[in-house]
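**Student:** Structure provided below as structure tokens; questions to follow.
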Number of protein chains: 2
Amino acid sequence: MEFKLALIGFGVVGRGFTDILIRKRDYLQRKYGLKVKYVGICDIRYGSVINHAGIDQLRALEVVKSGGNLEKYFDGIKGLNAIEFIEHSNADVVVEATWTNLETGEPGLTHIKKALNAGKHVITTNKGPIALAFKELSSIARSKNVKLLFSGTVMSGTPSIRTLIRGLAGCYVSEIAGILNGTTNYILTKMEEGLSFNDALRDAQLRGYAEAEPSMDVDAWDPAAKIVILANIAFESDLKPKDVIREGIRNITLDHIKDAFRRGKRVKLIARAWSDGGSVKAKVTPEEVDINSFFGQVKGTVNAVMYRTDSLGDVYVIGRGAGGEEAGQAILADLIELVL
Amino acid sequence: MEFKLALIGFGVVGRGFTDILIRKRDYLQRKYGLKVKYVGICDIRYGSVINHAGIDQLRALEVVKSGGNLEKYFDGIKGLNAIEFIEHSNADVVVEATWTNLETGEPGLTHIKKALNAGKHVITTNKGPIALAFKELSSIARSKNVKLLFSGTVMSGTPSIRTLIRGLAGCYVSEIAGILNGTTNYILTKMEEGLSFNDALRDAQLRGYAEAEPSMDVDAWDPAAKIVILANIAFESDLKPKDVIREGIRNITLDHIKDAFRRGKRVKLIARAWSDGGSVKAKVTPEEVDINSFFGQVKGTVNAVMYRTDSLGDVYVIGRGAGGEEAGQAILADLIELVL
């Protein structure tokens with residue numbers, strides 16, 4: 001099966017995905033019968049090109065790597081904004097990989113609605129629209145008989161969402177808990193080694209794990225969005241990120257971490273959601289967990305999620321939760337789901 | 001969607017599955033549009049009945065619980081052996097849940113071939129046929145355009161196989177390692193508490209974790225079959241259980257376990273498979289793992305698997321690996337896959 005794919009957002013994620021597609025072209029065709037033709041790329045920085053005959057993926061990567069603008073190097077319909085781009089695209093699948101906004105979901109939310117309403121499958125790694133409007137978007141997808149896939153929004157390529165939807169299909173889930181933010185887990189790991197919060201944050205920033213403005217991570221907005229996404233799937237609820245009780249790690253002291261360690265505990269930023277009779281609750285707060293536990297062994301930027309189920313007890317999925325290649329892999333797994 | 005389902009094997013697994021179906025009838029219909037009608041049950045002990053109008057699931061459970069024979073309590077075509085049963089069944093889906101034989105795969109292997117060739121989807125929890133003949137069986141399923149699903153063969157309902165096939169779709173896997181046998185892990189855990197191998201084995205037998213003849217577990221045949229199943233999926237290989245280098249836990253001494261613990265290690269029975277250039281290798285042997293690791297924290301009857309991948313590094317799935325309800329949940333997740 002050949003998909004005509006349009007990519008909105010050609011940043012780290014879009015390029016990570018493209019890189020994997022190029023590297024695995026033969027493998028994907030042999031194993032899954034999957035072929036992918038890029039019929040458009042639209043990026044606020046690198047320009048916007050539609051070409052129904054196809055856009056060379058490797059050349060697009062090279063153009064952008066050398067700082068060029070796609071509109072200068074490719075033929076086709078150029079200069080459209082993302083909305084016009086979707087309208088004029090003949091793609092079967094739109095990959096939405098723009099930046100995250102947890103207050104409005106924009107611009108991703110509008111892109112996704114537009115693409116679904118145009119009868120295109122949508123794959124996204126953008127947490128904003130899914131955390132804010134999962135119910136509405138799924139309902140549009142159902143009515144248009146297309147798929148909305150978003151496995152990269154939680155734990156990146158590590159299959160947290162697909163495990164919940166497919167791996168645990170049929171289970172009742174009563175609680176979800178997770179270490180869903182690698183940046184804060186890295187900072188807490190470094191603090192255990194003796195660095196102050198500020199030094200550990202600076203270290204994370206130097207390594208590219210934390211942003212210059214680190215509030216999304218250290219104030220727990222990012223894991224709040226992720227636990228909302230998981231909770232709304234598991235509990236068929238309609239939580240929003242602002243409904244999450246949220247306490248970040250700015251006030252965690254070295255003394256607290258050392259004292260906890262002496263008592264056989266580690267301080268972790270735990271995202272938690274549970275169904276309590278009819279109502280669904282969620283919080284992200286620092287918690288002390290036993291060193292001798294799965295969460296206690298989650299170090300550095302690694303992520304983990306636990307689903308508490310009726311038939312299987314506690315099921316854990318653990319792995320990396322961020323990165324361009326990891327997010328690219330999430331998009332690839334979603335794309336393969338369309339042919340499996 | 002309503003499935004007409006025929007069940008071969010009405011032991012702990014078949015009954016565990018039936019019990020979940022009864023309990024979740026409304027939920028499954030609402031959430032997945034899934035309805036399941038039993039059109040036949042065939043069991044070497046409890047008799048064989050085909051009834052196209054449907055067999056009451058709760059009544060079947062009650063008959064068997066009170067030691068009765070199904071043929072006495074239900075109308076329909078009775079007394080057929082499993083082969084005839086498949087031939088005369090109008091089922092869309094055959095659930096094969098008979099006992100495991102790792103040398104011949106029988107009788108499950110013949111049942112599965114027969115059902116696939118008759119154009120029926122097959123769901124099985126039987127390790128024998130999948131460990132011995134996955135390639136052949138998948139090829140029959142493909143040619144007949146039906147599904148062969150077997151997620152319960154490894155780690156029971158904990159989604160190890162579905163994670164590999166769908167969660168990690170598109171990844172290259174270079175190595176698989178796992179604690180895939182709960183009985184031996186329970187024995188090793190008890191030995192760490194000071195019990196001798198023989199006492200720990202007896203304890204496991206009293207709790208129903210180990211058989212009177214415990215060789216499948218303690219001599220590592222069971223995890224050998226499981227690592228073969230995972231390896232053949234991941235590496236597209238054709239390993240057999242007898243190809244696995246295999247060393248059980250009979251020779252593990254208390255002294256070894258204590259000495260390892262002093263060095264920060266635990267002794268675990270680790271199943272491992274890896275692709276080494278063109279050739280695929282597998283072994284199940286006792287290994288020392290760091291206490292401070294995910295495998296080091298797997299205690300009692302819990303199972304765990306690690307997939308080493310190109311794009312995601314090491315991905316772990318951890319959870320229960322045995323039990324009637326757990327296996328029933330595996331069958332349910334497979335059934336839901338047919339409608340998702």
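Residues are named by chain letter and number: chains run A, B, ... in the order of the structure tokens, numbers start at 1 in each chain, and ligands are numbered from 1 in the order shown.
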Hey, list the chain B side of the contact with chain A: 7 Å cut-off, only C-alpha atoms, answer as a list in words.

**Tutor:** Gly157, Thr158, Pro159, Arg162, Thr163, Gly167, Leu168, Ala169, Gly170, Asn292, Ser293, Phe294, Gln297, Ser311, Leu312, Asp314, Val315, Tyr316, Val317, Ile318, Gly319, Arg320, Glu325, Glu326, Gln329, Leu332, Ala333 and Ile336 of chain B

**Student:** Could the residues in this selection be saved with N, CA and C atoms as a PDB file, in the first residue's frame?

**Tutor:**
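What landed in out29.pdb:
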```pdb
ATOM      1  N   GLY B 157      -1.771 -12.682  29.573  1.00  0.00           N
ATOM      2  CA  GLY B 157      -2.422 -11.453  29.130  1.00  0.00           C
ATOM      3  C   GLY B 157      -1.530 -10.223  29.094  1.00  0.00           C
ATOM      4  N   THR B 158      -0.411 -10.230  29.785  1.00  0.00           N
ATOM      5  CA  THR B 158       0.501  -9.082  29.731  1.00  0.00           C
ATOM      6  C   THR B 158       1.035  -8.958  28.306  1.00  0.00           C
ATOM      7  N   PRO B 159       0.851  -7.806  27.676  1.00  0.00           N
ATOM      8  CA  PRO B 159       1.016  -7.749  26.217  1.00  0.00           C
ATOM      9  C   PRO B 159       2.465  -7.736  25.737  1.00  0.00           C
ATOM     10  N   ARG B 162       1.923  -8.541  21.488  1.00  0.00           N
ATOM     11  CA  ARG B 162       1.299  -7.418  20.778  1.00  0.00           C
ATOM     12  C   ARG B 162       2.203  -6.188  20.813  1.00  0.00           C
ATOM     13  N   THR B 163       2.952  -6.012  21.892  1.00  0.00           N
ATOM     14  CA  THR B 163       3.914  -4.911  21.943  1.00  0.00           C
ATOM     15  C   THR B 163       4.965  -5.081  20.855  1.00  0.00           C
ATOM     16  N   GLY B 167       3.208  -2.466  18.912  1.00  0.00           N
ATOM     17  CA  GLY B 167       3.777  -1.343  19.650  1.00  0.00           C
ATOM     18  C   GLY B 167       5.107  -0.908  19.063  1.00  0.00           C
ATOM     19  N   LEU B 168       5.921  -1.901  18.696  1.00  0.00           N
ATOM     20  CA  LEU B 168       7.252  -1.602  18.178  1.00  0.00           C
ATOM     21  C   LEU B 168       7.320  -1.782  16.662  1.00  0.00           C
ATOM     22  N   ALA B 169       6.178  -1.743  16.010  1.00  0.00           N
ATOM     23  CA  ALA B 169       6.151  -1.934  14.553  1.00  0.00           C
ATOM     24  C   ALA B 169       7.095  -0.953  13.875  1.00  0.00           C
ATOM     25  N   GLY B 170       7.956  -1.463  13.018  1.00  0.00           N
ATOM     26  CA  GLY B 170       8.896  -0.613  12.302  1.00  0.00           C
ATOM     27  C   GLY B 170      10.273  -0.570  12.929  1.00  0.00           C
ATOM     28  N   ASN B 292      19.709  -3.454  41.326  1.00  0.00           N
ATOM     29  CA  ASN B 292      19.277  -2.141  40.850  1.00  0.00           C
ATOM     30  C   ASN B 292      19.087  -2.138  39.339  1.00  0.00           C
ATOM     31  N   SER B 293      18.108  -2.872  38.898  1.00  0.00           N
ATOM     32  CA  SER B 293      17.762  -2.907  37.474  1.00  0.00           C
ATOM     33  C   SER B 293      16.312  -3.345  37.408  1.00  0.00           C
ATOM     34  N   PHE B 294      15.710  -3.221  36.246  1.00  0.00           N
ATOM     35  CA  PHE B 294      14.306  -3.638  36.142  1.00  0.00           C
ATOM     36  C   PHE B 294      14.179  -5.147  36.352  1.00  0.00           C
ATOM     37  N   GLN B 297      14.314  -6.295  39.896  1.00  0.00           N
ATOM     38  CA  GLN B 297      13.139  -6.003  40.724  1.00  0.00           C
ATOM     39  C   GLN B 297      11.945  -6.909  40.401  1.00  0.00           C
ATOM     40  N   SER B 311      15.566   2.399  17.401  1.00  0.00           N
ATOM     41  CA  SER B 311      15.101   3.773  17.578  1.00  0.00           C
ATOM     42  C   SER B 311      14.739   4.119  19.015  1.00  0.00           C
ATOM     43  N   LEU B 312      14.476   3.121  19.835  1.00  0.00           N
ATOM     44  CA  LEU B 312      13.961   3.384  21.185  1.00  0.00           C
ATOM     45  C   LEU B 312      14.850   2.854  22.294  1.00  0.00           C
ATOM     46  N   ASP B 314      16.138   0.290  24.907  1.00  0.00           N
ATOM     47  CA  ASP B 314      15.538  -0.872  25.575  1.00  0.00           C
ATOM     48  C   ASP B 314      14.125  -0.541  26.045  1.00  0.00           C
ATOM     49  N   VAL B 315      13.176  -1.340  25.620  1.00  0.00           N
ATOM     50  CA  VAL B 315      11.777  -1.169  26.021  1.00  0.00           C
ATOM     51  C   VAL B 315      11.365  -2.383  26.852  1.00  0.00           C
ATOM     52  N   TYR B 316      10.820  -2.125  28.038  1.00  0.00           N
ATOM     53  CA  TYR B 316      10.412  -3.197  28.940  1.00  0.00           C
ATOM     54  C   TYR B 316       8.896  -3.284  29.050  1.00  0.00           C
ATOM     55  N   VAL B 317       8.395  -4.520  29.132  1.00  0.00           N
ATOM     56  CA  VAL B 317       7.000  -4.766  29.506  1.00  0.00           C
ATOM     57  C   VAL B 317       7.022  -5.739  30.680  1.00  0.00           C
ATOM     58  N   ILE B 318       6.321  -5.385  31.738  1.00  0.00           N
ATOM     59  CA  ILE B 318       6.382  -6.171  32.970  1.00  0.00           C
ATOM     60  C   ILE B 318       4.975  -6.413  33.494  1.00  0.00           C
ATOM     61  N   GLY B 319       4.699  -7.649  33.910  1.00  0.00           N
ATOM     62  CA  GLY B 319       3.390  -7.948  34.490  1.00  0.00           C
ATOM     63  C   GLY B 319       3.247  -9.440  34.760  1.00  0.00           C
ATOM     64  N   ARG B 320       2.055  -9.837  35.141  1.00  0.00           N
ATOM     65  CA  ARG B 320       1.805 -11.240  35.438  1.00  0.00           C
ATOM     66  C   ARG B 320       1.952 -12.093  34.184  1.00  0.00           C
ATOM     67  N   GLU B 325      -7.511 -16.325  34.543  1.00  0.00           N
ATOM     68  CA  GLU B 325      -8.089 -15.041  34.145  1.00  0.00           C
ATOM     69  C   GLU B 325      -7.135 -14.284  33.223  1.00  0.00           C
ATOM     70  N   GLU B 326      -5.842 -14.351  33.537  1.00  0.00           N
ATOM     71  CA  GLU B 326      -4.838 -13.667  32.722  1.00  0.00           C
ATOM     72  C   GLU B 326      -4.840 -14.219  31.290  1.00  0.00           C
ATOM     73  N   GLN B 329      -7.918 -13.109  29.511  1.00  0.00           N
ATOM     74  CA  GLN B 329      -7.766 -11.728  29.047  1.00  0.00           C
ATOM     75  C   GLN B 329      -6.964 -11.675  27.737  1.00  0.00           C
ATOM     76  N   LEU B 332      -9.287 -12.536  25.052  1.00  0.00           N
ATOM     77  CA  LEU B 332     -10.204 -11.420  24.828  1.00  0.00           C
ATOM     78  C   LEU B 332      -9.539 -10.310  24.007  1.00  0.00           C
ATOM     79  N   ALA B 333      -8.299  -9.962  24.359  1.00  0.00           N
ATOM     80  CA  ALA B 333      -7.597  -8.904  23.610  1.00  0.00           C
ATOM     81  C   ALA B 333      -7.417  -9.321  22.149  1.00  0.00           C
ATOM     82  N   ILE B 336     -10.760  -8.879  20.440  1.00  0.00           N
ATOM     83  CA  ILE B 336     -11.030  -7.457  20.183  1.00  0.00           C
ATOM     84  C   ILE B 336     -10.209  -6.955  19.000  1.00  0.00           C
TER      85      ILE B 336
END
```

**Student:** For Val280 of chain A, list every protein, DNA or RNA residue within 7 Å, evaluated using only C-alpha atoms, and leave out those in the same chain fewer than 5 positions away; present the list as a PyMOL selection string.

**Tutor:** chain A and resi 237+274-275

**Student:** Create the file for the chosen residues now, containing N, CA and C atoms and written as a short mmCIF file (atom, residue, chain, number, x, y, z; two decimals), in the first residue's frame.

**Tutor:**
```cif
data_model
loop_
_atom_site.label_atom_id
_atom_site.label_comp_id
_atom_site.auth_asym_id
_atom_site.auth_seq_id
_atom_site.Cartn_x
_atom_site.Cartn_y
_atom_site.Cartn_z
N SER A 237 -13.15 9.63 29.82
CA SER A 237 -13.47 10.89 30.49
C SER A 237 -13.14 12.07 29.57
N TRP A 274 -7.02 8.29 38.30
CA TRP A 274 -7.80 7.16 38.79
C TRP A 274 -9.28 7.47 38.65
N SER A 275 -10.03 6.39 38.58
CA SER A 275 -11.47 6.52 38.48
C SER A 275 -12.04 6.21 39.84
#
```

**Student:** Any idea what the distance is between atom CA of Asn198 of chain B and atom CA of Ala273 of chain B?

**Tutor:**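 Atom CA of Ala273 of chain B lies at a distance of 29.2 Å from atom CA of Asn198 of chain B.
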
**Student:** So that I can see what lies close to Asp219 of chain A, please list as a PyMOL selection string the residues with an atom at most 7 Å from it, counting only C-alpha atoms and leaving out residues fewer than 3 positions away in the same chain.

**Tutor:** chain A and resi 215-216+247-249

**Student:** Could you take the residues named above and write them with N, CA and C atoms, as a short mmCIF file (atom, residue, chain, number, x, y, z; two decimals), in the first residue's frame?

**Tutor:**
```cif
data_model
loop_
_atom_site.label_atom_id
_atom_site.label_comp_id
_atom_site.auth_asym_id
_atom_site.auth_seq_id
_atom_site.Cartn_x
_atom_site.Cartn_y
_atom_site.Cartn_z
N SER A 215 9.44 25.81 32.20
CA SER A 215 8.22 25.65 32.98
C SER A 215 7.37 24.45 32.55
N MET A 216 7.32 24.17 31.25
CA MET A 216 6.53 23.02 30.77
C MET A 216 6.92 21.74 31.52
N GLU A 247 1.89 19.84 40.90
CA GLU A 247 2.98 20.42 41.69
C GLU A 247 4.28 19.96 41.04
N GLY A 248 5.11 20.90 40.63
CA GLY A 248 6.36 20.55 39.95
C GLY A 248 7.46 20.21 40.93
N ILE A 249 8.70 20.35 40.48
CA ILE A 249 9.83 19.92 41.33
C ILE A 249 10.70 21.09 41.79
#
```

**Student:** Excluding segment 126-134 of chain B and its own-chain neighbours fewer than 3 positions away, which residues fall within 6 Å of it when counting only C-alpha atoms? Please give them as a PyMOL selection string.

**Tutor:** chain B and resi 97+100-102+105+109+137-138+153+225+228-229+240

**Student:** Restricting it to C-alpha atoms, dump the selection as an mmCIF file, in the first residue's frame.

**Tutor:**
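Result written to out.cif:
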```
data_model
loop_
_atom_site.group_PDB
_atom_site.id
_atom_site.type_symbol
_atom_site.label_atom_id
_atom_site.label_comp_id
_atom_site.auth_asym_id
_atom_site.auth_seq_id
_atom_site.Cartn_x
_atom_site.Cartn_y
_atom_site.Cartn_z
ATOM 1 C CA ALA B 97 -6.904 -23.854 24.557
ATOM 2 C CA THR B 100 0.929 -27.832 25.564
ATOM 3 C CA ASN B 101 3.205 -30.400 23.983
ATOM 4 C CA LEU B 102 6.566 -28.927 22.992
ATOM 5 C CA GLY B 105 2.605 -29.540 19.248
ATOM 6 C CA LEU B 109 -1.245 -28.143 16.000
ATOM 7 C CA LEU B 137 0.678 -21.658 10.441
ATOM 8 C CA SER B 138 1.046 -17.972 9.530
ATOM 9 C CA THR B 153 1.411 -17.888 24.600
ATOM 10 C CA ALA B 225 9.344 -22.195 23.935
ATOM 11 C CA VAL B 228 11.435 -19.055 20.436
ATOM 12 C CA ILE B 229 7.990 -17.571 19.824
ATOM 13 C CA LYS B 240 12.597 -24.528 17.412
#
```

**Student:** Segment 258-261 of chain A: which residues within 12 Å, counting only C-alpha atoms, same-chain residues fewer than 2 positions away excluded, as a list in words?

**Tutor:** Leu188, Thr189, Lys190, Met191, Glu192, Glu193, Gly194, Leu195, Ser196, Ile252, Thr253, Leu254, Asp255, His256, Arg263, Gly264, Lys265, Arg266, Val267, Lys268, Pro286, Glu287, Glu288, Val289, Asp290, Ile291, Asn292 and Gly296 of chain A

**Student:** Suppose we keep C-alpha atoms; can you now write the selection as a CSV table (one decimal), in the first residue's frame?

**Tutor:**
```csv
chain,number,residue,atom,x,y,z
A,188,LEU,CA,15.9,14.5,40.2
A,189,THR,CA,18.5,11.8,39.2
A,190,LYS,CA,21.3,14.4,39.1
A,191,MET,CA,20.1,15.9,42.4
A,192,GLU,CA,20.5,12.4,44.0
A,193,GLU,CA,24.2,12.6,42.8
A,194,GLY,CA,24.5,15.9,44.8
A,195,LEU,CA,23.7,18.7,42.3
A,196,SER,CA,21.4,21.5,43.5
A,252,ILE,CA,12.4,19.8,46.0
A,253,THR,CA,15.5,20.2,48.1
A,254,LEU,CA,18.7,18.2,48.2
A,255,ASP,CA,18.0,17.5,51.9
A,256,HIS,CA,14.7,16.0,51.0
A,263,ARG,CA,14.9,5.7,54.1
A,264,GLY,CA,15.1,3.5,50.9
A,265,LYS,CA,13.1,6.0,48.9
A,266,ARG,CA,13.5,8.1,45.8
A,267,VAL,CA,11.7,11.3,45.0
A,268,LYS,CA,10.0,11.0,41.6
A,286,PRO,CA,6.5,14.6,43.6
A,287,GLU,CA,6.1,11.3,45.5
A,288,GLU,CA,8.5,9.1,47.4
A,289,VAL,CA,8.7,5.6,45.8
A,290,ASP,CA,10.6,2.6,47.1
A,291,ILE,CA,14.1,2.3,45.5
A,292,ASN,CA,13.2,-1.4,45.3
A,296,GLY,CA,12.4,3.5,41.8
```

**Student:** Run DSSP on the backbone and tell me which residues of segment 91-265 of chain B come out as helix (DSSP H, G or I); list them as number ranges by chain.

**Tutor:** B: 108-117, 127-144, 151-153, 160-167, 182-192, 197-206, 215-218, 221-234, 241-243, 254-262

**Student:** Name the residues of segment 71-294 of chain A that come out as strand (DSSP E) in a backbone DSSP run; write them as a PyMOL selection string.

**Tutor:** chain A and resi 77-78+93-96+121-124+148-149+173-179+245-246+265-276+279-290

**Student:** Please determine, counting only C-alpha atoms, which residue among A:Pro223, A:Ile77, A:Lys4, A:His52 has the shortest atom-to-atom distance to Lys37 of chain A.

**Tutor:** A:Lys4

**Student:** Got a sec: who's within 7 Å of His121 of chain B, counting only C-alpha atoms, leaving out chain neighbours fewer than 3 positions off, as a list in words?

**Tutor:**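 Once the adjacent positions are removed, what remains is Asp92, Val93, Val94, Leu116, Val146, Lys147 and Leu148 of chain B.
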
**Student:** Would you mind reading off the distance between atom CA of Val39 of chain A and atom CA of Ile8 of chain A, one decimal, in Å?

**Tutor:**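 Going from atom CA of Val39 of chain A over to atom CA of Ile8 of chain A covers 11.3 Å.
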
**Student:** If we count only C-alpha atoms, what is near Ala60 of chain A at a cut-off of 10 Å, once residues fewer than 6 positions away on the same chain are taken out, given as JSON, numbers by chain?

**Tutor:** {"A": [10, 15, 18, 41, 46, 68, 69, 70, 73, 74]}

**Student:** So, with only C-alpha atoms as the atoms that count, which of A:Ala231, A:Arg250, A:Gly47, A:Thr104 lies closest to Leu201 of chain A?

**Tutor:**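 Residue with the minimum atom-to-atom distance to Leu201 of chain A: A:Arg250.
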
**Student:** Suppose you want the space between atom CA of Cys42 of chain A and atom CA of Asn181 of chain A; what is it in Å?

**Tutor:**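 Atom CA of Asn181 of chain A lies 28.5 Å from atom CA of Cys42 of chain A.
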